[in-house]
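Undergrad: Encoded as structure tokens, here's the structure I'll be asking about.
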Amino acid sequence: MFDTMTMTKVVGGLCGTLLIYLLGGWAAEIIYHGGGGHGDGQQAYVIEVESEDTAEEVVEVVDFAVVMASASAADGEGVWRNCRSCHALEPGVNGVGPSLHGVVGRNVASVDGFNYSGALVEVADVWTPDNLNGFLEDPKGWAPGTAMGYNGLRSVEDRANLIAYLDSIDD
């Protein structure tokens with residue numbers, strides 16, 4: 001039925017057809033788009049439209065005390081996954097970061113045996129829920145120069161839940 005020479009001709013014909021289609025597409029691209037990328041030239045005309053900048057972006061400020069009052073320590077345990085790789089909850093056990101056992105209400109930079117960067121002491125004295133909230137939201141923005149390499153928790157509810165969880169583990 002088919003021998004080797006016939007199969008070679010069929011495969012060669014299919015490859016040749018594919019090559020012609022590719023070359024045709026390449027030629028059409030050059031003809032219709034001028035060979036350059038999109039937006040290489042200047043725009044021929046500009047339609048000016050009056051914009052209404054009267055609508056300002058409204059940023060809703062949430063009182064952290066209200067969010068903290070409804071925080072769930074059980075939900076905070078799930079958020080703790082983000083911290084577990086660098087911190088420990090056992091007293092006196094330091095990892096990349098200091099032990100977080102008893103952190104809520106503790107003096108800043110007070111864990112023995114941990115080398116702090118010094119930027120935290122300049123910002124706060126005690127880890128209050130408000131200070132922890134600010135630090136957890138944006139560590140490098142709240143304490144410029146801190147060695148903590150975490151980008152922060154964007155959700156205020158997650159921060160409140162995590163603080164509630166950390167507060168619940170130390171009696």
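Just remember, in the structure tokens the first chain shown is A, the second B, etc., residues are 1-based per chain, and ligands are 1-based in the order shown.
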Write out as a VMD selection string which residues come within 9 Å of Glu137 of chain A when counting only C-alpha atoms, dropping same-chain ones fewer than 3 positions away.
TA: chain A and resid 132 to 134 141 to 142 151 to 156 159
Undergrad: For those residues, write N, CA and C atoms to a file as a CSV table (one decimal), in the first residue's frame.
TA:
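part.csv was written with the following content:
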chain,number,residue,atom,x,y,z
A,132,LEU,N,1.7,46.7,66.8
A,132,LEU,CA,1.8,45.5,66.0
A,132,LEU,C,1.0,45.6,64.7
A,133,ASN,N,-0.1,46.2,64.7
A,133,ASN,CA,-0.9,46.5,63.5
A,133,ASN,C,-0.1,47.3,62.5
A,134,GLY,N,0.5,48.3,62.9
A,134,GLY,CA,1.3,49.1,62.0
A,134,GLY,C,2.5,48.4,61.5
A,141,GLY,N,8.0,50.1,56.1
A,141,GLY,CA,7.5,51.5,56.2
A,141,GLY,C,7.2,52.0,57.6
A,142,TRP,N,6.9,51.1,58.5
A,142,TRP,CA,6.6,51.5,59.9
A,142,TRP,C,7.9,51.7,60.6
A,151,ASN,N,6.8,41.4,53.5
A,151,ASN,CA,6.1,42.6,52.9
A,151,ASN,C,4.9,43.1,53.7
A,152,GLY,N,4.4,42.3,54.5
A,152,GLY,CA,3.3,42.7,55.4
A,152,GLY,C,1.9,42.1,55.0
A,153,LEU,N,1.0,42.2,55.9
A,153,LEU,CA,-0.4,41.7,55.7
A,153,LEU,C,-1.2,42.9,55.3
A,154,ARG,N,-1.9,42.8,54.2
A,154,ARG,CA,-2.7,43.9,53.7
A,154,ARG,C,-4.1,44.0,54.4
A,155,SER,N,-4.6,42.9,54.8
A,155,SER,CA,-6.0,42.8,55.3
A,155,SER,C,-5.9,43.2,56.8
A,156,VAL,N,-6.7,44.2,57.2
A,156,VAL,CA,-6.8,44.7,58.6
A,156,VAL,C,-7.4,43.6,59.4
A,159,ARG,N,-4.7,41.0,60.2
A,159,ARG,CA,-3.8,41.5,61.2
A,159,ARG,C,-4.4,41.4,62.6
Undergrad: Using only C-alpha atoms, determine which residues lie at most 10 Å from Asn82 of chain A, disregarding the query and same-chain residues fewer than 4 positions distant; provide the list as a PyMOL selection string.
TA: chain A and resi 77-78+86-87+150+152-153
Undergrad: Could you write those residues out with N, CA and C atoms, as a PDB file, in the first residue's frame?
TA:
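Contents of the output file result12.pdb:
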ATOM      1  N   GLU A  77      -4.950  31.859  63.966  1.00  0.00           N
ATOM      2  CA  GLU A  77      -4.083  30.686  63.912  1.00  0.00           C
ATOM      3  C   GLU A  77      -3.800  30.292  62.469  1.00  0.00           C
ATOM      4  N   GLY A  78      -4.776  30.483  61.587  1.00  0.00           N
ATOM      5  CA  GLY A  78      -4.559  30.219  60.167  1.00  0.00           C
ATOM      6  C   GLY A  78      -3.618  31.234  59.536  1.00  0.00           C
ATOM      7  N   CYS A  86       9.684  31.833  60.073  1.00  0.00           N
ATOM      8  CA  CYS A  86      10.779  32.613  60.656  1.00  0.00           C
ATOM      9  C   CYS A  86      10.693  32.745  62.172  1.00  0.00           C
ATOM     10  N   HIS A  87       9.510  32.612  62.738  1.00  0.00           N
ATOM     11  CA  HIS A  87       9.305  32.837  64.171  1.00  0.00           C
ATOM     12  C   HIS A  87       8.804  31.569  64.849  1.00  0.00           C
ATOM     13  N   TYR A 150       9.659  40.680  55.480  1.00  0.00           N
ATOM     14  CA  TYR A 150       8.287  40.344  55.109  1.00  0.00           C
ATOM     15  C   TYR A 150       7.609  41.583  54.542  1.00  0.00           C
ATOM     16  N   GLY A 152       4.367  42.274  54.533  1.00  0.00           N
ATOM     17  CA  GLY A 152       3.265  42.730  55.368  1.00  0.00           C
ATOM     18  C   GLY A 152       1.942  42.097  54.999  1.00  0.00           C
ATOM     19  N   LEU A 153       1.004  42.205  55.927  1.00  0.00           N
ATOM     20  CA  LEU A 153      -0.368  41.715  55.728  1.00  0.00           C
ATOM     21  C   LEU A 153      -1.236  42.891  55.323  1.00  0.00           C
TER      22      LEU A 153
END
Undergrad: For segment 90-104 of chain A, work out the shell of residues within 6 Å, counting only C-alpha atoms and skipping chain neighbours fewer than 2 positions away, then give it as JSON, numbers by chain.
TA: {"A": [86, 87, 88, 106, 127, 128, 167, 170]}
Undergrad: Taking C-alpha atoms for each residue, export the selection above as a PDB file, in the first residue's frame.
TA:
ATOM      1  CA  CYS A  86      10.779  32.613  60.656  1.00  0.00           C
ATOM      2  CA  HIS A  87       9.305  32.837  64.171  1.00  0.00           C
ATOM      3  CA  ALA A  88       8.541  30.385  66.978  1.00  0.00           C
ATOM      4  CA  ARG A 106       6.112  43.029  75.664  1.00  0.00           C
ATOM      5  CA  TRP A 127       4.288  46.005  71.320  1.00  0.00           C
ATOM      6  CA  THR A 128       0.744  47.261  71.768  1.00  0.00           C
ATOM      7  CA  ASP A 167      -2.255  37.425  72.594  1.00  0.00           C
ATOM      8  CA  ASP A 170       0.716  33.390  76.429  1.00  0.00           C
TER       9      ASP A 170
END
Undergrad: Please measure the separation of atom CA of Lys140 of chain A and atom CA of Ser117 of chain A, giving the value in Å to one decimal.
TA: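 Interatomic distance here is 11.8 Å.
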Undergrad: DSSP on the backbone: which residues in segment 16-110 of chain A end up as helix (DSSP H, G or I)? Give the answer as an NGL selection string.
TA: :A and (16-33 or 64-69 or 73-79 or 81-84)
Undergrad: Can I get the selection written as a PDB file, in the first residue's frame, with C-alpha atoms?
TA:
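For reference, selection19.pdb as written:
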ATOM      1  CA  GLY A  16       6.432  22.450   2.607  1.00  0.00           C
ATOM      2  CA  THR A  17       2.815  23.585   2.979  1.00  0.00           C
ATOM      3  CA  LEU A  18       3.454  24.654   6.584  1.00  0.00           C
ATOM      4  CA  LEU A  19       6.538  26.572   5.473  1.00  0.00           C
ATOM      5  CA  ILE A  20       4.551  28.424   2.787  1.00  0.00           C
ATOM      6  CA  TYR A  21       1.867  29.403   5.346  1.00  0.00           C
ATOM      7  CA  LEU A  22       4.517  30.681   7.770  1.00  0.00           C
ATOM      8  CA  LEU A  23       6.254  32.694   5.064  1.00  0.00           C
ATOM      9  CA  GLY A  24       2.899  34.084   3.927  1.00  0.00           C
ATOM     10  CA  GLY A  25       2.072  35.178   7.476  1.00  0.00           C
ATOM     11  CA  TRP A  26       5.469  36.797   7.833  1.00  0.00           C
ATOM     12  CA  ALA A  27       5.046  38.663   4.542  1.00  0.00           C
ATOM     13  CA  ALA A  28       1.532  39.808   5.465  1.00  0.00           C
ATOM     14  CA  GLU A  29       2.824  41.130   8.799  1.00  0.00           C
ATOM     15  CA  ILE A  30       5.443  43.215   7.018  1.00  0.00           C
ATOM     16  CA  ILE A  31       2.988  44.510   4.395  1.00  0.00           C
ATOM     17  CA  TYR A  32       0.122  45.443   6.725  1.00  0.00           C
ATOM     18  CA  HIS A  33       2.008  46.549   9.817  1.00  0.00           C
ATOM     19  CA  PHE A  64      -8.385  49.382  64.401  1.00  0.00           C
ATOM     20  CA  ALA A  65      -9.881  49.163  67.884  1.00  0.00           C
ATOM     21  CA  VAL A  66     -13.261  48.262  66.354  1.00  0.00           C
ATOM     22  CA  VAL A  67     -11.691  45.601  64.147  1.00  0.00           C
ATOM     23  CA  MET A  68      -9.636  44.276  67.066  1.00  0.00           C
ATOM     24  CA  ALA A  69     -12.780  43.948  69.206  1.00  0.00           C
ATOM     25  CA  ALA A  73      -7.960  33.999  67.628  1.00  0.00           C
ATOM     26  CA  ALA A  74      -9.034  30.839  65.774  1.00  0.00           C
ATOM     27  CA  ASP A  75      -8.831  32.679  62.431  1.00  0.00           C
ATOM     28  CA  GLY A  76      -5.501  34.162  63.513  1.00  0.00           C
ATOM     29  CA  GLU A  77      -4.083  30.686  63.912  1.00  0.00           C
ATOM     30  CA  GLY A  78      -4.559  30.219  60.167  1.00  0.00           C
ATOM     31  CA  VAL A  79      -2.789  33.529  59.463  1.00  0.00           C
ATOM     32  CA  ARG A  81       1.222  30.132  58.751  1.00  0.00           C
ATOM     33  CA  ASN A  82       2.844  33.217  57.194  1.00  0.00           C
ATOM     34  CA  CYS A  83       4.961  33.830  60.311  1.00  0.00           C
ATOM     35  CA  ARG A  84       5.818  30.258  61.258  1.00  0.00           C
TER      36      ARG A  84
END
Undergrad: Name the closest residue to Asp158 of chain A among the candidates A:Val123, A:Thr146, A:Gly105, A:Trp80; distances are taken between atoms, counting only C-alpha atoms.
TA: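 Using only C-alpha atoms, the shortest distance to Asp158 of chain A belongs to A:Trp80.
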Undergrad: For a test of reading the model, state the distance in Å between atom CA of Ser110 of chain A and atom CA of Ala124 of chain A, rounded to one decimal.
TA: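 These two atoms are separated by 12.1 Å.
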Undergrad: Please determine, counting only C-alpha atoms, which residue among A:Lys9, A:Thr4, A:Asp63, A:Leu166 has the shortest atom-to-atom distance to Leu89 of chain A.
TA: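 Closest to Leu89 of chain A of all the choices is A:Leu166.
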Undergrad: Restricting the calculation to only C-alpha atoms, which member of A:Leu136, A:Phe2, A:Ser70, A:Pro144 is positioned closest to Val121 of chain A?
TA: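 That would be A:Pro144, the residue with the smallest distance to Val121 of chain A.
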Undergrad: Measuring between only C-alpha atoms, which one of A:Ser168, A:Asn115, A:Asn161, A:Gln43 shows the shortest distance to Met148 of chain A?
TA: A:Asn115
Undergrad: Do you have the atom CA of Leu120 of chain A-atom CA of Asn107 of chain A distance handy?
TA: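 Result for atom CA of Leu120 of chain A versus atom CA of Asn107 of chain A: 10.5 Å, one decimal.
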